[in-house]
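Okay, final07.csv now, which holds CSV, C-alpha atoms:
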```csv
chain,number,residue,atom,x,y,z
A,1,MET,CA,-78.8,26.7,-185.7
A,2,SER,CA,-79.4,28.8,-182.6
A,3,ASN,CA,-79.1,27.2,-179.2
A,4,SER,CA,-80.4,30.1,-177.2
A,5,TRP,CA,-84.0,29.8,-176.2
A,6,SER,CA,-85.8,32.9,-177.6
A,7,GLY,CA,-88.9,32.7,-175.4
A,8,SER,CA,-89.4,33.7,-171.8
A,9,ARG,CA,-87.8,31.9,-168.8
A,10,PRO,CA,-90.4,31.8,-166.0
A,11,PHE,CA,-89.4,31.1,-162.4
A,12,VAL,CA,-91.2,28.1,-160.9
A,13,GLY,CA,-91.0,25.8,-157.9
A,14,ARG,CA,-88.4,26.2,-155.1
A,15,THR,CA,-91.3,26.5,-152.6
A,16,ASP,CA,-89.3,24.9,-149.8
A,17,VAL,CA,-86.3,27.1,-150.4
A,18,ARG,CA,-88.4,30.3,-150.5
A,19,GLY,CA,-90.1,29.3,-147.3
A,20,THR,CA,-86.8,28.7,-145.6
A,21,LEU,CA,-85.4,32.1,-146.7
A,22,ALA,CA,-88.6,33.8,-145.6
A,23,SER,CA,-88.2,32.2,-142.1
A,24,GLU,CA,-84.6,33.4,-141.9
A,25,VAL,CA,-85.8,37.0,-142.6
A,26,ASP,CA,-88.3,36.7,-139.8
A,27,ALA,CA,-85.7,35.3,-137.5
A,28,VAL,CA,-83.3,38.2,-138.2
A,29,MET,CA,-86.0,40.8,-137.7
A,30,ARG,CA,-86.8,39.4,-134.3
A,31,GLY,CA,-83.3,38.5,-133.1
A,32,SER,CA,-79.8,38.6,-134.5
A,33,GLY,CA,-77.9,38.4,-137.8
A,34,ARG,CA,-77.7,35.2,-139.9
A,35,ALA,CA,-75.6,33.9,-142.8
A,36,ILE,CA,-77.3,31.9,-145.5
A,37,PHE,CA,-75.3,30.1,-148.2
A,38,LEU,CA,-77.4,29.1,-151.2
A,39,LEU,CA,-75.5,26.2,-152.8
A,40,GLY,CA,-76.0,24.6,-156.2
A,41,PRO,CA,-74.2,23.6,-159.4
A,42,PRO,CA,-73.8,26.0,-162.3
A,43,GLY,CA,-77.2,26.6,-164.0
A,44,SER,CA,-79.2,25.7,-160.9
A,45,GLY,CA,-81.0,29.1,-160.9
A,46,GLN,CA,-79.5,30.8,-157.9
A,47,THR,CA,-79.6,34.3,-159.3
A,48,ALA,CA,-83.3,33.9,-160.3
A,49,CYS,CA,-84.1,32.5,-156.9
A,50,ILE,CA,-82.4,35.5,-155.2
A,51,ALA,CA,-84.4,37.9,-157.3
A,52,VAL,CA,-87.7,36.3,-156.4
A,53,PHE,CA,-86.7,36.1,-152.7
A,54,GLN,CA,-85.7,39.8,-152.6
A,55,GLU,CA,-89.1,40.8,-154.0
A,56,GLU,CA,-90.9,38.7,-151.5
A,57,ALA,CA,-88.8,39.9,-148.6
A,58,PHE,CA,-89.6,43.5,-149.4
A,59,ARG,CA,-93.3,42.8,-149.5
A,60,ARG,CA,-93.2,41.1,-146.1
A,61,ARG,CA,-90.8,43.5,-144.4
A,62,GLU,CA,-90.9,47.1,-145.5
A,63,ALA,CA,-88.3,48.2,-143.0
A,64,LEU,CA,-85.7,45.8,-144.5
A,65,ARG,CA,-82.9,47.6,-146.4
A,66,ALA,CA,-81.1,45.6,-149.0
A,67,GLU,CA,-78.2,45.7,-151.4
A,68,TYR,CA,-77.2,43.2,-154.1
A,69,VAL,CA,-73.6,42.6,-155.4
A,70,ASP,CA,-72.6,40.3,-158.3
A,71,CYS,CA,-69.1,39.2,-157.2
A,72,ALA,CA,-68.4,38.0,-160.8
A,73,HIS,CA,-68.6,41.7,-162.0
A,74,SER,CA,-67.8,43.7,-158.9
A,75,GLY,CA,-64.6,45.7,-158.2
A,76,THR,CA,-62.3,45.7,-155.3
A,77,GLU,CA,-64.3,48.5,-153.6
A,78,THR,CA,-67.4,46.3,-153.1
A,79,TRP,CA,-67.5,46.5,-149.3
A,80,ALA,CA,-66.5,50.1,-149.2
A,81,GLU,CA,-69.4,50.9,-151.5
A,82,LEU,CA,-71.8,48.8,-149.4
A,83,ALA,CA,-70.7,50.6,-146.2
A,84,GLU,CA,-71.2,54.0,-148.0
A,85,ILE,CA,-74.7,53.1,-149.1
A,86,PHE,CA,-75.9,51.6,-145.9
A,87,THR,CA,-74.5,54.3,-143.6
A,88,ARG,CA,-75.1,57.5,-145.7
A,89,SER,CA,-78.4,58.6,-144.0
A,90,HIS,CA,-77.0,57.9,-140.5
A,91,ARG,CA,-73.8,59.9,-141.3
A,92,LEU,CA,-75.9,62.7,-142.6
A,93,ARG,CA,-78.0,62.8,-139.4
A,94,ARG,CA,-74.8,62.8,-137.3
A,95,SER,CA,-73.3,65.5,-139.5
A,96,ALA,CA,-76.4,67.6,-139.0
A,97,LYS,CA,-76.1,67.5,-135.2
A,98,ILE,CA,-72.4,68.4,-135.3
A,99,VAL,CA,-73.1,71.3,-137.7
A,100,ALA,CA,-75.9,72.6,-135.5
A,101,VAL,CA,-73.5,72.8,-132.6
A,102,ASP,CA,-71.0,74.6,-134.9
A,103,TRP,CA,-73.6,77.3,-135.6
A,104,LEU,CA,-74.4,77.8,-132.0
A,105,GLU,CA,-70.7,78.0,-131.0
A,106,SER,CA,-70.0,80.4,-133.9
A,107,ILE,CA,-72.4,83.2,-132.9
A,108,PRO,CA,-69.8,85.4,-131.1
A,109,ILE,CA,-67.0,84.8,-133.6
A,110,VAL,CA,-67.1,85.6,-137.3
A,111,GLY,CA,-64.3,83.2,-138.1
A,112,LYS,CA,-66.2,80.3,-136.6
A,113,ILE,CA,-69.2,81.2,-138.7
A,114,LEU,CA,-67.2,80.8,-141.8
A,115,GLN,CA,-65.9,77.5,-140.5
A,116,ALA,CA,-69.5,76.3,-139.8
A,117,VAL,CA,-70.5,77.3,-143.4
A,118,VAL,CA,-67.7,75.3,-144.9
A,119,ARG,CA,-68.4,72.3,-142.7
A,120,THR,CA,-72.1,72.5,-143.6
A,121,VAL,CA,-71.3,72.3,-147.3
A,122,VAL,CA,-68.9,69.4,-146.8
A,123,ALA,CA,-71.5,67.6,-144.7
A,124,LEU,CA,-74.3,68.0,-147.3
A,125,ARG,CA,-72.0,66.9,-150.1
A,126,THR,CA,-70.3,63.9,-148.5
A,127,GLY,CA,-72.3,63.0,-145.4
A,128,ARG,CA,-69.1,63.6,-143.3
A,129,VAL,CA,-67.9,66.4,-141.0
A,130,GLU,CA,-64.2,67.2,-141.1
A,131,THR,CA,-62.5,67.7,-137.7
A,132,SER,CA,-60.2,70.3,-139.2
A,133,LEU,CA,-60.5,72.7,-142.1
A,134,SER,CA,-57.1,71.7,-143.2
A,135,GLN,CA,-57.9,68.0,-143.2
A,136,SER,CA,-58.3,66.7,-146.8
A,137,LYS,CA,-59.5,63.1,-146.0
A,138,SER,CA,-62.3,61.8,-143.9
A,139,PRO,CA,-61.2,60.1,-140.7
A,140,ARG,CA,-63.8,57.4,-141.6
A,141,SER,CA,-62.3,56.6,-145.0
A,142,VAL,CA,-61.8,52.9,-145.5
A,143,GLU,CA,-58.9,51.2,-147.2
A,144,SER,CA,-59.9,47.5,-146.9
A,145,ALA,CA,-63.0,45.3,-146.8
A,146,VAL,CA,-62.5,44.7,-143.1
A,147,GLY,CA,-62.4,48.5,-142.5
A,148,ALA,CA,-65.5,48.9,-144.5
A,149,VAL,CA,-67.3,46.3,-142.4
A,150,ARG,CA,-66.3,48.2,-139.2
A,151,LEU,CA,-67.8,51.3,-140.7
A,152,LEU,CA,-70.9,49.4,-141.7
A,153,LEU,CA,-71.4,48.2,-138.1
A,154,GLU,CA,-70.6,51.5,-136.4
A,155,PHE,CA,-73.8,53.1,-137.6
A,156,GLU,CA,-77.0,51.5,-136.4
A,157,PRO,CA,-75.9,47.8,-136.4
A,158,ARG,CA,-79.4,46.7,-135.3
A,159,GLU,CA,-81.0,48.2,-138.4
A,160,PRO,CA,-82.6,45.3,-140.4
A,161,ARG,CA,-80.3,44.8,-143.5
A,162,LEU,CA,-80.0,42.3,-146.3
A,163,VAL,CA,-76.6,41.9,-147.9
A,164,VAL,CA,-76.7,39.6,-151.0
A,165,MET,CA,-73.4,38.4,-152.5
A,166,ASP,CA,-74.2,36.6,-155.8
A,167,SER,CA,-71.5,34.3,-157.3
A,168,LEU,CA,-69.3,34.6,-154.2
A,169,ASP,CA,-67.3,31.7,-155.6
A,170,ARG,CA,-66.1,34.1,-158.3
A,171,GLY,CA,-65.2,36.9,-155.9
A,172,ASP,CA,-61.8,38.1,-155.0
A,173,SER,CA,-59.9,38.0,-151.7
A,174,GLU,CA,-61.5,41.3,-150.6
A,175,ASP,CA,-65.0,39.9,-151.2
A,176,LEU,CA,-64.1,36.9,-148.9
A,177,ALA,CA,-62.3,39.1,-146.3
A,178,GLY,CA,-65.3,41.4,-146.0
A,179,SER,CA,-67.7,38.4,-145.8
A,180,SER,CA,-65.6,36.8,-143.1
A,181,ALA,CA,-65.4,40.1,-141.1
A,182,LEU,CA,-69.2,40.5,-141.3
A,183,ILE,CA,-70.0,36.9,-140.3
A,184,ARG,CA,-67.9,37.2,-137.1
A,185,ARG,CA,-70.0,40.2,-136.1
A,186,LEU,CA,-73.4,39.0,-137.2
A,187,PRO,CA,-74.7,38.1,-133.7
A,188,ASP,CA,-74.4,41.8,-132.8
A,189,THR,CA,-76.5,42.9,-135.8
A,190,ARG,CA,-79.9,42.3,-137.5
A,191,THR,CA,-78.2,41.7,-140.9
A,192,LEU,CA,-79.1,38.7,-143.1
A,193,PHE,CA,-76.0,37.9,-145.2
A,194,LEU,CA,-77.0,35.8,-148.2
A,195,ALA,CA,-74.3,34.3,-150.5
A,196,ALA,CA,-74.9,32.3,-153.7
A,197,VAL,CA,-72.1,29.8,-154.3
A,198,ARG,CA,-71.7,27.5,-157.3
A,199,THR,CA,-70.5,24.0,-156.3
A,200,GLU,CA,-68.6,21.4,-158.1
A,201,ASP,CA,-69.4,17.7,-157.3
A,202,GLY,CA,-71.6,19.1,-154.5
A,203,ARG,CA,-68.7,20.9,-152.8
A,204,PRO,CA,-68.1,24.7,-152.6
A,205,PRO,CA,-64.6,26.1,-153.2
A,206,GLU,CA,-62.3,25.4,-150.2
A,207,ALA,CA,-62.1,29.0,-149.0
A,208,ILE,CA,-65.8,29.4,-149.0
A,209,GLY,CA,-66.2,26.0,-147.3
A,210,ASP,CA,-64.1,27.4,-144.5
A,211,LEU,CA,-66.3,30.5,-144.4
A,212,ILE,CA,-69.4,28.3,-144.1
A,213,LEU,CA,-67.9,26.2,-141.3
A,214,GLU,CA,-67.0,29.4,-139.4
A,215,ALA,CA,-70.6,30.7,-139.6
A,216,GLU,CA,-71.9,27.3,-138.4
A,217,ARG,CA,-69.4,27.3,-135.5
A,218,LEU,CA,-70.7,30.7,-134.4
A,219,GLY,CA,-74.2,29.4,-134.6
A,220,CYS,CA,-75.4,31.8,-137.3
A,221,GLY,CA,-74.8,29.9,-140.5
A,222,THR,CA,-77.2,27.8,-142.6
A,223,ARG,CA,-76.6,25.9,-145.8
A,224,ILE,CA,-79.5,25.7,-148.4
A,225,GLU,CA,-79.0,23.3,-151.2
A,226,LEU,CA,-80.9,24.3,-154.3
A,227,PRO,CA,-82.6,21.1,-155.5
A,228,PRO,CA,-83.2,20.2,-159.2
A,229,LEU,CA,-86.6,21.0,-160.7
A,230,SER,CA,-89.1,18.2,-160.4
A,231,MET,CA,-90.9,16.9,-163.5
A,232,PRO,CA,-94.1,18.9,-162.6
A,233,ASP,CA,-92.0,22.0,-162.2
A,234,ILE,CA,-90.4,21.4,-165.6
A,235,GLY,CA,-93.9,21.0,-167.1
A,236,GLU,CA,-95.1,24.2,-165.5
A,237,ALA,CA,-91.9,26.1,-166.6
A,238,VAL,CA,-92.1,24.9,-170.2
A,239,GLY,CA,-95.9,25.4,-170.4
A,240,LYS,CA,-95.5,29.0,-169.3
A,241,ALA,CA,-92.6,29.6,-171.6
A,242,THR,CA,-94.4,28.2,-174.7
A,243,GLY,CA,-97.9,29.6,-173.9
A,244,GLY,CA,-99.6,26.2,-173.6
A,245,ILE,CA,-99.6,22.8,-172.0
A,246,ALA,CA,-96.4,20.9,-172.9
A,247,PRO,CA,-96.9,17.4,-174.1
A,248,LEU,CA,-96.1,14.9,-171.3
A,249,GLU,CA,-93.7,12.9,-173.5
A,250,TRP,CA,-91.7,16.1,-174.1
A,251,VAL,CA,-91.7,17.0,-170.4
A,252,ALA,CA,-90.5,13.6,-169.4
A,253,TRP,CA,-87.7,13.8,-172.0
A,254,LEU,CA,-86.6,17.3,-170.9
A,255,ALA,CA,-86.6,16.2,-167.3
A,256,THR,CA,-84.4,13.1,-168.1
A,257,GLU,CA,-82.0,15.0,-170.4
A,258,THR,CA,-81.5,18.0,-168.1
A,259,GLY,CA,-81.6,16.3,-164.6
A,260,GLY,CA,-83.8,19.2,-163.5
A,261,ASN,CA,-81.1,21.9,-164.0
A,262,PRO,CA,-82.8,25.1,-165.1
A,263,GLY,CA,-79.8,26.4,-167.1
A,264,ALA,CA,-79.6,23.1,-169.0
A,265,LEU,CA,-83.4,23.1,-169.5
A,266,TRP,CA,-83.4,26.5,-171.3
A,267,SER,CA,-80.3,25.5,-173.3
A,268,LEU,CA,-81.9,22.3,-174.4
A,269,LEU,CA,-85.2,24.0,-175.2
A,270,GLY,CA,-83.2,26.4,-177.4
A,271,ALA,CA,-81.6,23.4,-179.2
A,272,VAL,CA,-85.1,21.9,-179.7
A,273,GLU,CA,-86.2,25.2,-181.2
A,274,GLY,CA,-83.1,25.3,-183.4
A,275,GLU,CA,-83.8,21.8,-184.7
A,276,GLY,CA,-87.3,23.0,-185.7
A,277,LEU,CA,-89.1,20.7,-183.3
A,278,LEU,CA,-90.6,23.6,-181.5
A,279,GLN,CA,-91.9,26.5,-183.6
A,280,ARG,CA,-93.5,29.8,-182.7
A,281,SER,CA,-97.1,30.3,-183.9
A,282,GLY,CA,-98.4,33.7,-182.9
A,283,ARG,CA,-98.2,34.0,-179.1
A,284,ARG,CA,-97.8,30.3,-178.7
A,285,TRP,CA,-95.3,27.6,-179.6
A,286,VAL,CA,-96.2,24.4,-181.5
A,287,TRP,CA,-94.4,21.0,-180.8
A,288,LYS,CA,-93.5,19.0,-183.9
A,289,GLY,CA,-93.5,15.2,-183.6
A,290,SER,CA,-92.0,13.2,-180.7
A,291,PRO,CA,-88.8,13.7,-178.7
A,292,PRO,CA,-85.6,12.6,-180.6
A,293,GLU,CA,-83.8,9.5,-179.6
A,294,SER,CA,-80.6,11.5,-179.2
A,295,THR,CA,-80.2,14.9,-177.7
A,296,PRO,CA,-80.1,17.8,-180.2
A,297,SER,CA,-76.6,19.3,-180.5
A,298,ARG,CA,-75.8,22.0,-178.0
A,299,GLU,CA,-72.0,22.1,-178.5
A,300,ALA,CA,-72.2,25.8,-179.6
A,301,ALA,CA,-74.0,26.9,-176.5
A,302,PRO,CA,-71.9,28.1,-173.6
A,303,SER,CA,-72.6,26.8,-170.1
A,304,ARG,CA,-74.1,30.3,-169.4
A,305,ASP,CA,-74.7,33.5,-171.2
A,306,TRP,CA,-71.5,35.5,-170.6
A,307,ARG,CA,-72.7,38.7,-172.3
A,308,LEU,CA,-69.2,39.6,-173.4
A,309,SER,CA,-68.3,42.9,-175.1
A,310,ASP,CA,-67.3,42.7,-178.8
A,311,LYS,CA,-63.7,43.3,-177.8
A,312,ASP,CA,-63.7,40.4,-175.2
A,313,ARG,CA,-65.6,38.1,-177.7
A,314,ARG,CA,-62.9,38.7,-180.3
A,315,LEU,CA,-60.2,38.1,-177.6
A,316,MET,CA,-61.8,34.8,-176.6
A,317,GLY,CA,-62.2,33.8,-180.2
A,318,LEU,CA,-58.5,34.2,-180.7
A,319,ALA,CA,-57.7,32.4,-177.5
A,320,ALA,CA,-59.9,29.4,-178.5
A,321,LEU,CA,-58.0,29.0,-181.7
A,322,GLU,CA,-54.8,28.1,-179.8
A,323,GLY,CA,-56.8,25.5,-177.8
A,324,ARG,CA,-58.6,25.0,-174.6
A,325,PHE,CA,-55.3,26.0,-173.0
A,326,PHE,CA,-53.7,29.2,-174.3
A,327,HIS,CA,-51.0,31.8,-173.6
A,328,SER,CA,-51.3,35.5,-172.9
A,329,ALA,CA,-48.2,36.4,-175.0
A,330,VAL,CA,-49.6,34.5,-178.0
A,331,LEU,CA,-53.0,36.1,-177.6
A,332,ALA,CA,-51.4,39.6,-177.3
A,333,GLN,CA,-49.6,39.2,-180.6
A,334,LEU,CA,-52.6,37.8,-182.4
A,335,ALA,CA,-54.9,40.6,-181.1
A,336,GLU,CA,-52.1,43.2,-181.7
A,337,MET,CA,-52.5,44.5,-178.1
A,338,PRO,CA,-50.0,45.2,-175.3
A,339,GLU,CA,-49.6,42.1,-173.2
A,340,LEU,CA,-50.4,44.0,-170.0
A,341,ASP,CA,-53.8,45.1,-171.5
A,342,VAL,CA,-54.5,41.5,-172.4
A,343,GLU,CA,-53.6,40.3,-168.9
A,344,ASP,CA,-56.0,42.9,-167.5
A,345,ARG,CA,-58.8,41.6,-169.7
A,346,LEU,CA,-58.0,38.0,-168.9
A,347,SER,CA,-58.0,38.8,-165.2
A,348,LEU,CA,-61.6,40.2,-165.4
A,349,LEU,CA,-62.7,37.1,-167.5
A,350,CYS,CA,-61.2,34.9,-164.8
A,351,ARG,CA,-63.3,36.6,-162.2
A,352,LEU,CA,-66.3,36.2,-164.4
A,353,GLY,CA,-65.6,32.4,-164.4
A,354,LEU,CA,-65.3,31.9,-168.2
A,355,ILE,CA,-61.6,31.1,-168.0
A,356,GLU,CA,-59.0,30.3,-165.2
A,357,TYR,CA,-55.4,31.1,-164.6
A,358,LEU,CA,-53.1,28.1,-164.6
A,359,ASP,CA,-49.4,29.1,-164.4
A,360,ALA,CA,-46.6,31.1,-165.9
A,361,PRO,CA,-44.3,28.7,-167.8
A,362,ALA,CA,-41.2,30.0,-169.5
A,363,GLY,CA,-41.3,30.1,-173.3
A,364,GLY,CA,-37.9,30.6,-174.8
A,365,ASP,CA,-36.7,34.0,-173.5
A,366,GLU,CA,-40.2,35.0,-172.7
A,367,VAL,CA,-42.4,34.3,-169.6
A,368,THR,CA,-46.0,34.1,-170.5
A,369,SER,CA,-49.1,33.3,-168.4
A,370,ARG,CA,-51.1,30.2,-169.3
A,371,TYR,CA,-54.9,30.1,-169.1
A,372,ALA,CA,-57.7,27.6,-169.8
A,373,PHE,CA,-61.4,27.7,-170.6
A,374,ARG,CA,-63.2,26.3,-167.6
A,375,ASP,CA,-65.9,24.5,-169.7
A,376,PRO,CA,-65.2,22.7,-172.9
A,377,ALA,CA,-68.6,23.9,-174.2
A,378,ASP,CA,-67.4,27.5,-173.9
A,379,TRP,CA,-64.2,26.7,-175.7
A,380,GLU,CA,-66.1,25.1,-178.6
A,381,SER,CA,-68.5,28.1,-178.7
A,382,CYS,CA,-65.7,30.6,-178.8
A,383,LYS,CA,-64.0,28.7,-181.7
A,384,ARG,CA,-67.0,29.6,-183.8
A,385,ILE,CA,-66.8,33.3,-183.3
A,386,PHE,CA,-64.8,33.8,-186.5
A,387,SER,CA,-65.8,32.8,-190.0
A,388,GLU,CA,-63.9,29.9,-191.6
A,389,SER,CA,-61.7,32.2,-193.7
A,390,GLU,CA,-60.8,34.2,-190.6
A,391,ARG,CA,-60.0,31.1,-188.6
A,392,ASP,CA,-57.6,29.9,-191.4
A,393,LEU,CA,-55.9,33.3,-191.4
A,394,TYR,CA,-55.4,33.5,-187.7
A,395,THR,CA,-54.4,29.8,-187.4
A,396,ALA,CA,-51.6,30.4,-189.9
A,397,ARG,CA,-50.4,33.4,-187.8
A,398,LEU,CA,-50.8,31.4,-184.6
A,399,GLY,CA,-48.1,28.9,-185.8
A,400,GLU,CA,-45.7,31.7,-186.5
A,401,VAL,CA,-46.2,33.4,-183.2
A,402,ARG,CA,-45.8,30.2,-181.2
A,403,ALA,CA,-42.6,29.3,-183.0
A,404,ARG,CA,-41.2,32.8,-182.5
A,405,LEU,CA,-42.0,32.5,-178.7
A,406,GLY,CA,-40.5,29.1,-178.5
A,407,LEU,CA,-43.7,27.4,-177.4
```
Would you encode the structure as structure tokens?
Amino acid sequence: MSNSWSGSRPFVGRTDVRGTLASEVDAVMRGSGRAIFLLGPPGSGQTACIAVFQEEAFRRREALRAEYVDCAHSGTETWAELAEIFTRSHRLRRSAKIVAVDWLESIPIVGKILQAVVRTVVALRTGRVETSLSQSKSPRSVESAVGAVRLLLEFEPREPRLVVMDSLDRGDSEDLAGSSALIRRLPDTRTLFLAAVRTEDGRPPEAIGDLILEAERLGCGTRIELPPLSMPDIGEAVGKATGGIAPLEWVAWLATETGGNPGALWSLLGAVEGEGLLQRSGRRWVWKGSPPESTPSREAAPSRDWRLSDKDRRLMGLAALEGRFFHSAVLAQLAEMPELDVEDRLSLLCRLGLIEYLDAPAGGDEVTSRYAFRDPADWESCKRIFSESERDLYTARLGEVRARLGL
């Protein structure tokens, strides 16, 4: 049975949220910078909402320059790359002015002509002008997120900009440091900083909660809670996805079962499809019978589509065989990989949000890191990556490895 909805996933509703975001763009264009925190539980549709908002913002404000970052997949150079992108044209213009002066000054001296030629080439290639021919690094190179924000604000800080940080709750310390540095300078800019943050029990992670409070204290921060979809919204979404009007009894059942969470809606619709209660017929879908009394099984469906590589899927399949809690040393031996390589992969998967680091307990003479699947549904799904015969083989090896490591 497949639990992944195979049809389209249209965006509906969120009218109030989109209106608030549009108003914030207008306020930034007229005045000073703002920080918007889009809050909601996993599956609430923040990424889809951001995509629609960006498209609408561009239509309304052609002068707005924007960059999008997914913190769950970004590297440590996120802010340096943002500064490079936003300031490139300004640095090129400044370089052109300096180079023009070089050429004027170099007319009487052949040596200075050569110097000007070299600096012209460097400027065209990098957007920077070296103060000395022997200098190998740019004086404006940045080594931290805070330094990158300083560079970002050095060039035309009043230029209208939109900086989108999706999944900020899964970002690293540099993502947070850069966000904090920018927020403190927002009143001097016309930058809209938009961060999507997944909440748990209605609360953001503590570090981001402090960031939100700081923005609010400075008078430039706004929280926007992403509400659940209403029953009419669910009816519209399912109708568009299935190419027809969804039966009212099914819409009411889907609304009750999912609580208006878009991620849960598409997962449940996939489960309904997998049970044969919703079948494709040409370009449309046909509903079969009435809603079931119990919810179709969704245990094999992860809480989100992680889009793992084959290598990472295999690694997570092996990890799941040890349990929801597993050890890097055990995983390294099962996967026949160096433990450092395994730790590197696990670190990236932690940032993605699939797993989390717990601690480093001693195991016999070894010290191994311990991790856990964040969501039991993901653990259950990963256990099914291997066939039954493969699971039996790896489970037998698992016992030997754990015994050898004293776990």
Review point. In file coordinates, which residues lie within 12 Å of (-64.8, 26.3, -153.3) using all atoms listed in the file, given as an MDAnalysis selection string?
Key: chainID A and resid 39:41 167:171 176 196:212
Contact residues around Glu322 in chain A with all atoms listed in the file at 10 Å, ignoring same-chain residues under 4 positions, as an mmCIF file with C-alpha atoms, in the coordinates of the input:
```cif
data_model
loop_
_atom_site.group_PDB
_atom_site.id
_atom_site.type_symbol
_atom_site.label_atom_id
_atom_site.label_comp_id
_atom_site.auth_asym_id
_atom_site.auth_seq_id
_atom_site.Cartn_x
_atom_site.Cartn_y
_atom_site.Cartn_z
ATOM 1 C CA GLY A 317 -62.200 33.800 -180.200
ATOM 2 C CA LEU A 318 -58.500 34.200 -180.700
ATOM 3 C CA PHE A 326 -53.700 29.200 -174.300
ATOM 4 C CA HIS A 327 -51.000 31.800 -173.600
ATOM 5 C CA VAL A 330 -49.600 34.500 -178.000
ATOM 6 C CA LEU A 331 -53.000 36.100 -177.600
ATOM 7 C CA LYS A 383 -64.000 28.700 -181.700
ATOM 8 C CA TYR A 394 -55.400 33.500 -187.700
ATOM 9 C CA THR A 395 -54.400 29.800 -187.400
ATOM 10 C CA LEU A 398 -50.800 31.400 -184.600
ATOM 11 C CA GLY A 399 -48.100 28.900 -185.800
ATOM 12 C CA ARG A 402 -45.800 30.200 -181.200
#
```
**Study point:** Length of the CA of Thr20 in chain A to CA of Ala181 in chain A vector [Å]
**Key:**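 One can read the CA of Thr20 in chain A to CA of Ala181 in chain A distance as 24.7 Å.
Going from CA of Gly147 in chain A over to CA of Leu352 in chain A, you cover 25.4 Å.
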Check your understanding: So which one's closest to Ala255 in chain A, A:Gly270, A:Gly243, A:Ser230, A:Arg158? Using all atoms listed in the file, please.
Key ->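 Residue with the minimum atom-to-atom distance to Ala255 in chain A: A:Ser230.
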Review point. Near Ser173 in chain A, counting only C-alpha atoms, which residues have an atom at most 10 Å away, once you skip same-chain residues fewer than 5 positions from it, shown as a PyMOL selection string?
Key: chain A and resi 76+145+178-179+207
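Across the structure, CA of Gln54 in chain A and CA of Leu151 in chain A are spaced 24.4 Å apart.
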Exercise for review: Compare A:Ser267, A:Ala396, A:Tyr371, A:Ala63 by their minimum atom-to-atom distance to Cys350 in chain A, counting all atoms listed in the file, and give me the closest one.
Suggested key: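 Looking only at the distances to Cys350 in chain A, the closest residue turns out to be A:Tyr371.
Of the residues listed (A:Gly406, A:Pro160, A:Gly219, A:Gly289), A:Pro160 shows the shortest atom-to-atom separation from Phe58 in chain A; distances use all atoms listed in the file.
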**Study point:** For Gly43 in chain A: contacts at 7 Å, all atoms listed in the file, fewer than 2 positions along chain excluded, given as an MDAnalysis selection string
**Key:** chainID A and resid 41 45 261:264
Practice item. Select, from A:Leu152, A:Ile234, A:Ile36, A:Leu21, the residue with the minimum atom-to-atom distance to Phe53 in chain A, counting all atoms listed in the file. Key: A:Leu21
Exercise for review: Rank nothing, just name the residue among A:Ala72, A:Val164, A:Leu346, A:Met29 nearest to Ala51 in chain A, using only C-alpha atoms.
Suggested key: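 Ranked by minimum distance to Ala51 in chain A, first place goes to A:Val164.
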Point to revise | Leu162 in chain A environment, 9 Å, all atoms listed in the file, sequence neighbours closer than 2 positions dropped, as number ranges by chain | key: A: 25, 54, 64-68, 160, 164, 190-194
Check your understanding: Skipping near chain neighbours, those fewer than 2 positions away, what residues fall within 12 Å of Asp312 in chain A using only C-alpha atoms, listed as a list in words?
Key ->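 Once the adjacent positions are removed, what remains is Trp306, Arg307, Leu308, Ser309, Asp310, Arg314, Leu315, Met316, Gly317, Leu318, Ala319, Leu331, Ala335, Asp341, Val342, Glu343, Asp344, Arg345, Leu346, Ser347, Leu348, Leu349, Leu352, Leu354, Ile355, Cys382 and Ile385 of chain A.
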Selection export as an mmCIF file, in the frame of the given file, atoms kept: C-alpha atoms:
```cif
data_model
loop_
_atom_site.group_PDB
_atom_site.id
_atom_site.type_symbol
_atom_site.label_atom_id
_atom_site.label_comp_id
_atom_site.auth_asym_id
_atom_site.auth_seq_id
_atom_site.Cartn_x
_atom_site.Cartn_y
_atom_site.Cartn_z
ATOM 1 C CA TRP A 306 -71.500 35.500 -170.600
ATOM 2 C CA ARG A 307 -72.700 38.700 -172.300
ATOM 3 C CA LEU A 308 -69.200 39.600 -173.400
ATOM 4 C CA SER A 309 -68.300 42.900 -175.100
ATOM 5 C CA ASP A 310 -67.300 42.700 -178.800
ATOM 6 C CA ARG A 314 -62.900 38.700 -180.300
ATOM 7 C CA LEU A 315 -60.200 38.100 -177.600
ATOM 8 C CA MET A 316 -61.800 34.800 -176.600
ATOM 9 C CA GLY A 317 -62.200 33.800 -180.200
ATOM 10 C CA LEU A 318 -58.500 34.200 -180.700
ATOM 11 C CA ALA A 319 -57.700 32.400 -177.500
ATOM 12 C CA LEU A 331 -53.000 36.100 -177.600
ATOM 13 C CA ALA A 335 -54.900 40.600 -181.100
ATOM 14 C CA ASP A 341 -53.800 45.100 -171.500
ATOM 15 C CA VAL A 342 -54.500 41.500 -172.400
ATOM 16 C CA GLU A 343 -53.600 40.300 -168.900
ATOM 17 C CA ASP A 344 -56.000 42.900 -167.500
ATOM 18 C CA ARG A 345 -58.800 41.600 -169.700
ATOM 19 C CA LEU A 346 -58.000 38.000 -168.900
ATOM 20 C CA SER A 347 -58.000 38.800 -165.200
ATOM 21 C CA LEU A 348 -61.600 40.200 -165.400
ATOM 22 C CA LEU A 349 -62.700 37.100 -167.500
ATOM 23 C CA LEU A 352 -66.300 36.200 -164.400
ATOM 24 C CA LEU A 354 -65.300 31.900 -168.200
ATOM 25 C CA ILE A 355 -61.600 31.100 -168.000
ATOM 26 C CA CYS A 382 -65.700 30.600 -178.800
ATOM 27 C CA ILE A 385 -66.800 33.300 -183.300
#
```
